[in-house]
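A.B. asks: Okay, so here is my_file-v3.csv, and as you'll see once you scroll down, it has CSV, C-alpha atoms.
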```csv
chain,number,residue,atom,x,y,z
P,1,MET,CA,0.0,0.0,0.0
P,2,LYS,CA,1.4,3.3,-1.0
P,3,LEU,CA,1.6,6.0,1.7
P,4,LYS,CA,-0.1,9.2,0.6
P,5,ILE,CA,1.8,12.2,1.9
P,6,TRP,CA,0.3,15.0,-0.3
P,7,PHE,CA,-2.9,16.8,0.2
P,8,ASN,CA,-5.2,18.4,-2.5
P,9,TYR,CA,-6.0,21.8,-1.2
P,10,SER,CA,-8.6,22.2,-3.9
P,11,SER,CA,-10.9,19.9,-1.9
P,12,ILE,CA,-11.1,22.5,1.0
P,13,LEU,CA,-11.0,25.7,-1.0
P,14,ASN,CA,-14.4,27.3,-1.8
P,15,GLU,CA,-13.9,29.0,-5.1
P,16,ASP,CA,-17.2,30.7,-4.8
P,17,LEU,CA,-16.1,32.7,-1.8
P,18,SER,CA,-13.5,35.4,-2.3
P,19,PRO,CA,-11.6,37.2,0.5
P,20,ASP,CA,-13.8,40.2,-0.1
P,21,ASN,CA,-16.8,38.2,1.1
P,22,PRO,CA,-17.2,38.3,4.9
P,23,LEU,CA,-18.3,34.7,4.9
P,24,PHE,CA,-14.9,33.7,3.7
P,25,TRP,CA,-13.3,34.6,7.0
P,26,SER,CA,-15.8,32.7,9.1
P,27,GLN,CA,-15.4,29.2,7.6
P,28,PRO,CA,-14.8,26.4,10.1
P,29,THR,CA,-11.6,24.4,10.2
P,30,PRO,CA,-11.6,21.5,7.8
P,31,ILE,CA,-9.5,19.3,10.2
P,32,SER,CA,-10.4,17.7,13.5
P,33,CYS,CA,-11.8,20.4,15.8
P,34,ASP,CA,-10.6,18.5,18.9
P,35,ILE,CA,-7.0,18.6,17.8
P,36,VAL,CA,-7.2,22.2,16.8
P,37,ARG,CA,-8.8,23.1,20.2
P,38,ILE,CA,-6.1,21.3,22.1
P,39,VAL,CA,-3.4,23.2,20.2
P,40,GLY,CA,-5.4,26.4,20.8
P,41,ILE,CA,-5.3,25.9,24.6
P,42,PHE,CA,-1.6,25.3,24.4
P,43,LEU,CA,-1.1,28.5,22.5
P,44,CYS,CA,-3.1,30.5,25.1
P,45,ILE,CA,-0.9,29.0,27.8
P,46,ALA,CA,2.2,29.8,25.7
P,47,ALA,CA,1.0,33.4,25.4
P,48,VAL,CA,1.1,33.7,29.2
P,49,PHE,CA,4.6,32.2,29.5
P,50,GLY,CA,5.8,34.4,26.6
P,51,ILE,CA,4.6,37.5,28.4
P,52,LEU,CA,6.3,36.5,31.6
P,53,LEU,CA,9.6,35.4,30.0
P,54,ASN,CA,10.0,38.2,27.5
P,55,GLY,CA,8.7,40.7,30.1
P,56,ALA,CA,11.4,39.4,32.6
P,57,LEU,CA,14.1,40.0,30.0
P,58,VAL,CA,12.9,43.5,29.1
P,59,TYR,CA,12.6,44.4,32.8
P,60,SER,CA,16.1,43.1,33.5
P,61,PHE,CA,17.5,45.2,30.7
P,62,ILE,CA,15.8,48.3,32.1
P,63,ARG,CA,16.5,47.6,35.7
P,64,TYR,CA,20.2,46.6,35.5
P,65,LYS,CA,22.6,48.8,33.7
P,66,ALA,CA,25.3,46.1,33.5
P,67,LEU,CA,23.1,44.2,31.1
P,68,ARG,CA,22.8,47.0,28.6
P,69,ARG,CA,25.9,45.9,26.7
P,70,SER,CA,26.4,45.8,23.0
P,71,SER,CA,26.1,42.0,22.9
P,72,ASN,CA,22.8,42.1,24.8
P,73,ILE,CA,21.2,44.9,22.8
P,74,TYR,CA,20.1,42.6,20.0
P,75,VAL,CA,18.6,40.1,22.5
P,76,MET,CA,16.8,43.0,24.2
P,77,PHE,CA,15.1,44.0,20.9
P,78,ILE,CA,14.2,40.3,20.3
P,79,ALA,CA,12.6,40.2,23.8
P,80,ILE,CA,10.6,43.5,23.1
P,81,ILE,CA,9.3,42.1,19.8
P,82,GLY,CA,8.6,38.7,21.5
P,83,LEU,CA,6.6,40.5,24.2
P,84,ILE,CA,4.5,42.2,21.6
P,85,ALA,CA,4.0,38.9,19.7
P,86,SER,CA,3.0,37.2,23.0
P,87,CYS,CA,0.3,39.8,23.5
P,88,THR,CA,-1.0,39.6,19.9
P,89,ILE,CA,-0.1,36.6,17.7
P,90,LEU,CA,-0.5,33.8,20.2
P,91,PRO,CA,-3.8,34.9,21.7
P,92,LEU,CA,-5.4,35.6,18.3
P,93,THR,CA,-4.4,32.2,17.0
P,94,GLY,CA,-5.1,30.4,20.2
P,95,ILE,CA,-8.6,31.8,20.8
P,96,SER,CA,-9.5,31.2,17.2
P,97,SER,CA,-8.3,27.6,17.5
P,98,VAL,CA,-10.4,27.1,20.6
P,99,TYR,CA,-13.5,28.2,18.5
P,100,CYS,CA,-12.2,26.2,15.5
P,101,LYS,CA,-12.5,29.1,13.1
P,102,TRP,CA,-10.9,32.5,12.5
P,103,LEU,CA,-12.6,35.2,14.6
P,104,TYR,CA,-11.0,38.4,13.5
P,105,LYS,CA,-11.9,38.9,9.9
P,106,ARG,CA,-9.6,40.2,7.2
P,107,ILE,CA,-8.0,43.1,9.2
P,108,GLY,CA,-7.2,40.8,12.1
P,109,CYS,CA,-5.7,38.2,9.7
P,110,GLN,CA,-3.4,40.8,8.1
P,111,MET,CA,-2.3,42.2,11.4
P,112,SER,CA,-1.6,38.8,12.9
P,113,ALA,CA,0.3,37.5,9.9
P,114,ALA,CA,2.3,40.8,9.6
P,115,LEU,CA,3.3,40.7,13.2
P,116,ALA,CA,4.3,37.1,13.0
P,117,PHE,CA,6.3,38.0,9.9
P,118,ILE,CA,8.0,40.9,11.6
P,119,TYR,CA,8.9,38.7,14.7
P,120,GLY,CA,10.3,35.8,12.7
P,121,CYS,CA,12.2,38.0,10.2
P,122,SER,CA,13.6,40.4,12.7
P,123,SER,CA,14.6,37.6,15.1
P,124,SER,CA,16.5,35.9,12.2
P,125,TYR,CA,18.3,39.1,11.3
P,126,LEU,CA,19.1,40.1,14.9
P,127,LEU,CA,20.6,36.7,15.7
P,128,CYS,CA,22.7,37.1,12.6
P,129,VAL,CA,23.9,40.5,13.7
P,130,VAL,CA,24.8,39.4,17.2
P,131,SER,CA,26.7,36.4,15.9
P,132,LEU,CA,28.6,38.6,13.5
P,133,SER,CA,29.5,41.1,16.2
P,134,ARG,CA,31.0,38.4,18.4
P,135,CYS,CA,32.9,37.0,15.5
P,136,TYR,CA,34.3,40.5,14.7
P,137,ILE,CA,35.4,40.9,18.3
P,138,ILE,CA,37.2,37.6,18.3
P,139,ILE,CA,38.9,38.1,14.9
P,140,ARG,CA,39.7,41.8,15.5
P,141,PRO,CA,40.0,42.0,19.3
P,142,LEU,CA,41.9,45.4,19.2
P,143,ASN,CA,38.9,46.9,17.5
P,144,ALA,CA,36.4,45.6,20.1
P,145,ASN,CA,35.8,49.2,21.4
P,146,THR,CA,34.2,50.1,18.1
P,147,VAL,CA,31.3,47.8,18.8
P,148,THR,CA,29.3,50.3,20.9
P,149,VAL,CA,25.8,50.2,22.4
P,150,THR,CA,24.8,53.1,20.1
P,151,LYS,CA,25.9,51.3,17.0
P,152,SER,CA,24.1,48.1,18.2
P,153,VAL,CA,20.9,50.1,18.7
P,154,ILE,CA,21.1,51.6,15.2
P,155,ILE,CA,21.8,48.2,13.6
P,156,SER,CA,19.0,46.6,15.5
P,157,CYS,CA,16.5,49.3,14.4
P,158,PHE,CA,17.6,48.8,10.8
P,159,ALA,CA,17.1,45.0,11.1
P,160,ILE,CA,13.6,45.5,12.4
P,161,PHE,CA,12.9,48.1,9.7
P,162,LEU,CA,14.0,45.6,7.1
P,163,ALA,CA,11.7,43.0,8.6
P,164,PHE,CA,8.9,45.6,8.5
P,165,VAL,CA,9.4,46.2,4.8
P,166,TRP,CA,9.2,42.5,4.1
P,167,SER,CA,6.0,42.2,6.1
P,168,MET,CA,4.4,45.1,4.1
P,169,LEU,CA,5.0,43.6,0.7
P,170,PRO,CA,2.1,41.2,0.8
P,171,ILE,CA,-0.2,44.0,1.9
P,172,ILE,CA,0.8,46.2,-1.1
P,173,GLY,CA,0.4,43.4,-3.7
P,174,TRP,CA,3.4,41.1,-3.8
P,175,ASN,CA,1.6,38.0,-2.5
P,176,GLU,CA,-1.1,38.4,0.2
P,177,TYR,CA,-2.0,37.4,3.7
P,178,ILE,CA,-4.6,34.7,3.8
P,179,MET,CA,-5.9,32.0,6.2
P,180,GLU,CA,-3.8,28.8,6.5
P,181,GLY,CA,-5.3,25.4,5.8
P,182,ALA,CA,-6.6,25.0,9.4
P,183,ARG,CA,-8.3,28.4,9.1
P,184,THR,CA,-7.4,29.5,12.6
P,185,SER,CA,-4.2,31.4,11.7
P,186,CYS,CA,-2.9,33.4,8.9
P,187,CYS,CA,0.2,33.6,6.7
P,188,ILE,CA,1.2,34.4,3.1
P,189,ASN,CA,-0.6,32.7,0.3
P,190,TRP,CA,1.7,29.9,-0.5
P,191,TYR,CA,-0.6,27.6,-2.5
P,192,ASP,CA,-1.3,30.1,-5.3
P,193,ARG,CA,0.7,29.2,-8.4
P,194,ARG,CA,0.8,32.7,-10.0
P,195,LEU,CA,4.3,34.0,-10.7
P,196,SER,CA,4.1,36.9,-8.2
P,197,TYR,CA,3.1,34.6,-5.4
P,198,VAL,CA,5.7,31.9,-6.1
P,199,SER,CA,8.5,34.4,-6.6
P,200,PHE,CA,7.7,36.1,-3.2
P,201,THR,CA,7.9,32.7,-1.4
P,202,PHE,CA,11.2,31.9,-3.2
P,203,PHE,CA,12.8,35.2,-2.2
P,204,LEU,CA,11.4,34.9,1.3
P,205,PHE,CA,13.0,31.5,1.7
P,206,ILE,CA,16.3,32.7,0.4
P,207,PHE,CA,16.7,36.1,2.1
P,208,VAL,CA,14.9,35.4,5.4
P,209,TYR,CA,15.8,31.8,6.1
P,210,PHE,CA,18.6,30.3,4.0
P,211,ILE,CA,21.1,33.2,3.9
P,212,PRO,CA,20.7,34.0,7.6
P,213,LEU,CA,21.1,30.3,8.4
P,214,VAL,CA,24.4,30.2,6.5
P,215,ILE,CA,25.6,33.4,8.2
P,216,LEU,CA,24.7,31.9,11.7
P,217,ILE,CA,26.6,28.7,11.0
P,218,VAL,CA,29.7,30.3,9.5
P,219,SER,CA,30.0,33.1,11.9
P,220,ASN,CA,29.6,31.0,15.0
P,221,THR,CA,32.0,28.4,13.7
P,222,ILE,CA,34.6,31.0,13.1
P,223,THR,CA,34.1,32.5,16.6
P,224,LEU,CA,34.4,29.1,18.3
P,225,SER,CA,37.5,28.3,16.3
P,226,GLY,CA,39.1,31.7,17.2
P,227,LEU,CA,38.3,31.2,20.9
P,228,LYS,CA,39.8,27.7,20.9
P,229,ARG,CA,43.0,28.9,19.3
P,230,MET,CA,43.3,31.7,21.9
P,231,ARG,CA,42.8,29.2,24.8
P,232,GLU,CA,45.4,26.9,23.3
P,233,LYS,CA,47.9,29.8,23.0
P,234,ILE,CA,47.4,30.7,26.7
P,235,LYS,CA,47.9,27.1,27.8
P,236,HIS,CA,51.3,27.2,26.0
P,237,GLY,CA,52.2,30.5,27.6
P,238,VAL,CA,51.8,32.6,24.4
P,239,ASN,CA,50.4,36.1,24.9
P,240,THR,CA,47.1,36.9,23.2
P,241,SER,CA,45.1,40.1,22.6
P,242,LEU,CA,42.5,39.0,25.1
P,243,SER,CA,43.1,38.0,28.7
P,244,ARG,CA,42.1,34.6,30.1
P,245,LYS,CA,39.1,36.2,31.9
P,246,ARG,CA,37.9,38.0,28.7
P,247,ILE,CA,38.2,34.8,26.7
P,248,GLU,CA,36.1,32.9,29.2
P,249,MET,CA,33.5,35.7,29.2
P,250,GLU,CA,33.4,35.7,25.4
P,251,ARG,CA,33.1,31.9,25.4
P,252,ARG,CA,30.1,32.1,27.8
P,253,ILE,CA,28.4,34.8,25.6
P,254,VAL,CA,29.0,32.8,22.4
P,255,LYS,CA,27.7,29.7,24.1
P,256,SER,CA,24.5,31.5,25.0
P,257,ILE,CA,24.1,32.9,21.5
P,258,ILE,CA,24.6,29.5,19.9
P,259,ILE,CA,22.1,27.8,22.1
P,260,THR,CA,19.5,30.5,21.5
P,261,THR,CA,20.2,30.4,17.7
P,262,CYS,CA,19.8,26.6,17.7
P,263,GLY,CA,16.5,27.0,19.4
P,264,PHE,CA,15.3,29.5,16.8
P,265,ILE,CA,16.5,27.3,13.9
P,266,PHE,CA,14.9,24.2,15.5
P,267,THR,CA,11.5,25.8,15.9
P,268,TRP,CA,11.3,27.6,12.5
P,269,SER,CA,12.9,25.1,10.1
P,270,PRO,CA,10.0,22.7,9.9
P,271,TYR,CA,7.6,25.5,9.1
P,272,ALA,CA,10.0,27.0,6.5
P,273,ALA,CA,10.5,23.6,4.8
P,274,ALA,CA,6.7,22.9,4.8
P,275,LEU,CA,5.8,26.2,3.2
P,276,PHE,CA,8.7,26.0,0.7
P,277,VAL,CA,7.8,22.5,-0.4
P,278,SER,CA,4.0,23.2,-0.6
P,279,ALA,CA,4.6,26.4,-2.6
P,280,PHE,CA,6.4,24.7,-5.4
P,281,GLN,CA,4.3,21.6,-5.3
P,282,GLY,CA,1.1,23.6,-5.8
P,283,LYS,CA,-2.2,23.3,-4.0
P,284,ASP,CA,-3.0,20.0,-5.6
P,285,TYR,CA,0.1,18.3,-4.0
P,286,ALA,CA,0.6,20.3,-0.8
P,287,ILE,CA,1.5,19.1,2.7
P,288,PRO,CA,-1.7,18.3,4.7
P,289,PRO,CA,-3.2,21.3,6.6
P,290,LEU,CA,-2.8,19.7,10.0
P,291,ALA,CA,0.9,19.3,9.4
P,292,THR,CA,1.4,22.9,8.3
P,293,PHE,CA,-0.8,24.1,11.2
P,294,LEU,CA,1.3,22.2,13.8
P,295,CYS,CA,4.6,23.4,12.2
P,296,ALA,CA,3.2,27.0,12.3
P,297,CYS,CA,2.3,26.7,16.0
P,298,PHE,CA,5.7,25.2,16.7
P,299,ALA,CA,7.4,28.1,15.0
P,300,LYS,CA,5.4,30.6,17.0
P,301,SER,CA,6.4,28.8,20.2
P,302,SER,CA,9.9,30.3,19.6
P,303,ILE,CA,8.4,33.3,21.4
P,304,ILE,CA,8.9,31.2,24.5
P,305,TRP,CA,12.0,29.2,23.7
P,306,ILE,CA,14.3,32.1,22.7
P,307,PRO,CA,14.0,34.0,26.0
P,308,LEU,CA,13.9,30.7,28.0
P,309,LEU,CA,17.2,29.5,26.5
P,310,HIS,CA,18.8,32.9,26.9
P,311,ILE,CA,17.8,33.1,30.6
P,312,GLY,CA,19.0,29.6,31.2
P,313,THR,CA,22.4,30.0,29.5
P,314,SER,CA,23.3,33.7,30.1
P,315,THR,CA,25.4,34.1,33.2
P,316,GLN,CA,25.0,37.9,32.9
P,317,PHE,CA,21.3,37.6,33.2
P,318,GLN,CA,21.4,35.2,36.1
P,319,PHE,CA,23.9,37.4,37.9
P,320,ASN,CA,22.1,40.7,37.5
P,321,PHE,CA,18.4,39.5,37.6
P,322,VAL,CA,18.6,36.6,40.0
P,323,ASN,CA,21.6,36.8,42.3
P,324,LEU,CA,21.5,40.5,43.0
P,325,THR,CA,17.8,40.3,43.7
P,326,THR,CA,18.4,37.5,46.3
P,327,VAL,CA,21.1,39.6,48.0
P,328,ASN,CA,18.9,42.7,48.0
P,329,ASN,CA,16.0,40.8,49.6
P,330,GLN,CA,18.3,39.3,52.3
P,331,VAL,CA,19.7,42.7,53.1
P,332,GLU,CA,16.3,44.2,53.3
P,333,SER,CA,15.1,41.3,55.5
P,334,ASN,CA,18.0,41.9,57.9
P,335,LYS,CA,17.3,45.6,58.1
P,336,MET,CA,13.7,44.9,59.1
P,337,GLU,CA,14.8,42.5,61.8
P,338,ASN,CA,17.3,44.9,63.2
P,339,GLU,CA,14.8,47.8,63.3
P,340,ALA,CA,12.3,45.6,65.1
P,341,LEU,CA,14.9,44.5,67.7
P,342,LYS,CA,16.6,47.9,67.8
P,343,THR,CA,20.0,46.3,67.6
P,344,PRO,CA,22.9,46.9,65.2
P,345,LEU,CA,22.6,45.4,61.8
P,346,MET,CA,25.9,43.5,62.0
P,347,THR,CA,24.7,41.3,64.9
P,348,HIS,CA,22.2,39.7,62.5
P,349,ILE,CA,24.5,38.8,59.7
P,350,ASN,CA,25.6,35.2,60.4
P,351,ASP,CA,29.4,35.0,60.0
P,352,GLY,CA,29.3,37.9,57.6
P,353,SER,CA,27.6,35.8,54.9
P,354,VAL,CA,25.9,38.8,53.2
P,355,ILE,CA,29.1,40.8,53.1
P,356,VAL,CA,31.0,37.8,51.7
P,357,ARG,CA,28.3,37.1,49.1
P,358,THR,CA,28.1,40.8,48.1
P,359,ALA,CA,31.8,41.1,47.8
P,360,THR,CA,31.9,37.9,45.7
P,361,LEU,CA,29.2,39.2,43.4
P,362,LEU,CA,31.0,42.6,43.0
P,363,ALA,CA,34.2,40.7,42.1
P,364,LYS,CA,32.4,38.7,39.5
P,365,LYS,CA,30.8,41.8,38.1
P,366,SER,CA,34.2,43.2,37.2
P,367,GLU,CA,34.6,40.3,34.7
P,368,PHE,CA,31.7,41.7,32.7
```
Please re-express this file's structure in structure tokens.
C.D. replies:
Amino acid sequence: MKLKIWFNYSSILNEDLSPDNPLFWSQPTPISCDIVRIVGIFLCIAAVFGILLNGALVYSFIRYKALRRSSNIYVMFIAIIGLIASCTILPLTGISSVYCKWLYKRIGCQMSAALAFIYGCSSSYLLCVVSLSRCYIIIRPLNANTVTVTKSVIISCFAIFLAFVWSMLPIIGWNEYIMEGARTSCCINWYDRRLSYVSFTFFLFIFVYFIPLVILIVSNTITLSGLKRMREKIKHGVNTSLSRKRIEMERRIVKSIIITTCGFIFTWSPYAAALFVSAFQGKDYAIPPLATFLCACFAKSSIIWIPLLHIGTSTQFQFNFVNLTTVNNQVESNKMENEALKTPLMTHINDGSVIVRTATLLAKKSEF
């Protein structure tokens, strides 16, 4: 028995309904509503976690000046866009999935798809930029001071502007935003075989996915090789442009960037591959709508995984957001106890533990 892997989209497309007809946007999902509803509940939960995680990153960047470094500026912008996406994309798709149909008409579809486009595209470009900046610092360590926070902000804004331009092209006529096969989320029209539609999908795959993927792999490989050579030189007593502490710091930063990048690639690659294959196969030989729907939801879950991976691997974030908060809380607690007992503060610090911990943290901070 031959396994059927393709799906004929013509069987679920109503040619009598055009996007200009309000009934077009209220069609129920053609796949199992129970499955779609379960995924919708997951997306609603993911929206809450996305708000908390991205909000924690944004708060930490605002609260702690030590985090506002050039290498973290790009992650800060990803977190800001992720926070916006968590408040819009995930709830819109999640609630529509719970009701098994798109609820927000044409304007909601265009807004949701454009925001998802901006998030995915800008995240791809920003991860490329941060990888290239670390690569430049390792290759040209004497020019590290030229990578400033101001320049990083300007480059980040340009990357987001470029993503915004890409997201506006379907609205002005090069391709269009339409409901996906499950009819509870929106993306570009990838099943239309007209040249303008296929060409947009092709350029999108090349300039938003493939080229950034190559840049990420090459730049991070060069960076890791450079750090490895420097560590080998230090082991053999050869002087290098960077100190041992600085090399270890760069290694931790690069490790965090690579893990975050791998998470982004892992979540977006299935969706990119599904759309690319379906676009060139045509609507008569496309990937089934349930598969593309699950790939799309998995890609949108990067809103959670990117900040989660960064928080879990960045020692700078853990130091400034977690450790200092613990010390501050303990100091405040000791102050309250001493005021209540009207005794000197030092009598309530067991073996000077707070002073030791604070001094240790301040010493660690000098590494950054």
A.B. asks: For a test of reading the model, state the distance in Å between CA of Ile89 (chain P) and CA of Gly173 (chain P), rounded to one decimal.
C.D. replies: 22.5 Å
A.B. asks: Rank P:Leu213, P:Val208, P:Ala279, P:Cys100 by their smallest atom-to-atom distance to Ile31 (chain P), using only C-alpha atoms, and report the top residue only.
C.D. replies: P:Cys100
A.B. asks: With a distance cut-off of 12 Å and all atoms listed in the file, select the neighbouring residues of Ser199 (chain P), excluding the residue or stretch itself and same-chain residues fewer than 2 positions from it, and output the selection as a list in words.
C.D. replies: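 Listed by chain and then number, they are Pro170, Trp174, Asn175, Asn189, Trp190, Asp192, Arg193, Arg194, Leu195, Ser196, Tyr197, Thr201, Phe202, Phe203, Leu204, Phe205, Ile206, Phe276, Ala279 and Phe280 of chain P.
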A.B. asks: Nearest to Ser256 (chain P): which of P:Thr313, P:Thr146, P:Thr292, P:Ser32 is it, counting all atoms listed in the file?
C.D. replies: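 Among the listed residues, the smallest separation from Ser256 (chain P) belongs to P:Thr313.
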A.B. asks: Which residue out of P:Phe298, P:Phe210, P:Tyr119, P:Tyr125 has the minimum interatomic distance to Gly82 (chain P) when all atoms listed in the file are used?
C.D. replies: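 When distances to Gly82 (chain P) are compared using all atoms listed in the file, the smallest one comes from P:Tyr119.
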A.B. asks: Taking into account all atoms listed in the file, which residue in the set P:Leu57, P:Ala291, P:Leu216, P:Ala114 is nearest to Ile258 (chain P)?
C.D. replies: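 Going through P:Leu57, P:Ala291, P:Leu216, P:Ala114 one by one, the smallest distance to Ile258 (chain P) is for P:Leu216.
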A.B. asks: Work out how far apart CA of Leu127 (chain P) and CA of Val58 (chain P) are and give it in Å to one decimal.
C.D. replies: 16.9 Å
A.B. asks: Grab the CA of Leu43 (chain P) to CA of Gly94 (chain P) distance for me, in Å with one decimal place.
C.D. replies: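 Between CA of Leu43 (chain P) and CA of Gly94 (chain P) the gap is 5.0 Å.
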A.B. asks: Using all atoms listed in the file, collect all residues at a distance of at most 12 Å from (-6.5, 43.6, 7.4) as written in the file, then present them as a PDB file with C-alpha atoms, in the frame of the given file.
C.D. replies:
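Everything below was put into result_7.pdb:
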```pdb
ATOM      1  CA  PRO P  19     -11.600  37.200   0.500  1.00  0.00           C
ATOM      2  CA  ASP P  20     -13.800  40.200  -0.100  1.00  0.00           C
ATOM      3  CA  TRP P  25     -13.300  34.600   7.000  1.00  0.00           C
ATOM      4  CA  TYR P 104     -11.000  38.400  13.500  1.00  0.00           C
ATOM      5  CA  LYS P 105     -11.900  38.900   9.900  1.00  0.00           C
ATOM      6  CA  ARG P 106      -9.600  40.200   7.200  1.00  0.00           C
ATOM      7  CA  ILE P 107      -8.000  43.100   9.200  1.00  0.00           C
ATOM      8  CA  GLY P 108      -7.200  40.800  12.100  1.00  0.00           C
ATOM      9  CA  CYS P 109      -5.700  38.200   9.700  1.00  0.00           C
ATOM     10  CA  GLN P 110      -3.400  40.800   8.100  1.00  0.00           C
ATOM     11  CA  MET P 111      -2.300  42.200  11.400  1.00  0.00           C
ATOM     12  CA  SER P 112      -1.600  38.800  12.900  1.00  0.00           C
ATOM     13  CA  ALA P 113       0.300  37.500   9.900  1.00  0.00           C
ATOM     14  CA  ALA P 114       2.300  40.800   9.600  1.00  0.00           C
ATOM     15  CA  LEU P 115       3.300  40.700  13.200  1.00  0.00           C
ATOM     16  CA  MET P 168       4.400  45.100   4.100  1.00  0.00           C
ATOM     17  CA  PRO P 170       2.100  41.200   0.800  1.00  0.00           C
ATOM     18  CA  ILE P 171      -0.200  44.000   1.900  1.00  0.00           C
ATOM     19  CA  ILE P 172       0.800  46.200  -1.100  1.00  0.00           C
ATOM     20  CA  GLU P 176      -1.100  38.400   0.200  1.00  0.00           C
ATOM     21  CA  TYR P 177      -2.000  37.400   3.700  1.00  0.00           C
ATOM     22  CA  ILE P 178      -4.600  34.700   3.800  1.00  0.00           C
ATOM     23  CA  MET P 179      -5.900  32.000   6.200  1.00  0.00           C
ATOM     24  CA  CYS P 186      -2.900  33.400   8.900  1.00  0.00           C
TER      25      CYS P 186
END
```
A.B. asks: Taking only C-alpha atoms into account, which of P:Val48, P:Ile137, P:Ala296, P:Cys262 comes nearest Ala116 (chain P)?
C.D. replies: P:Ala296
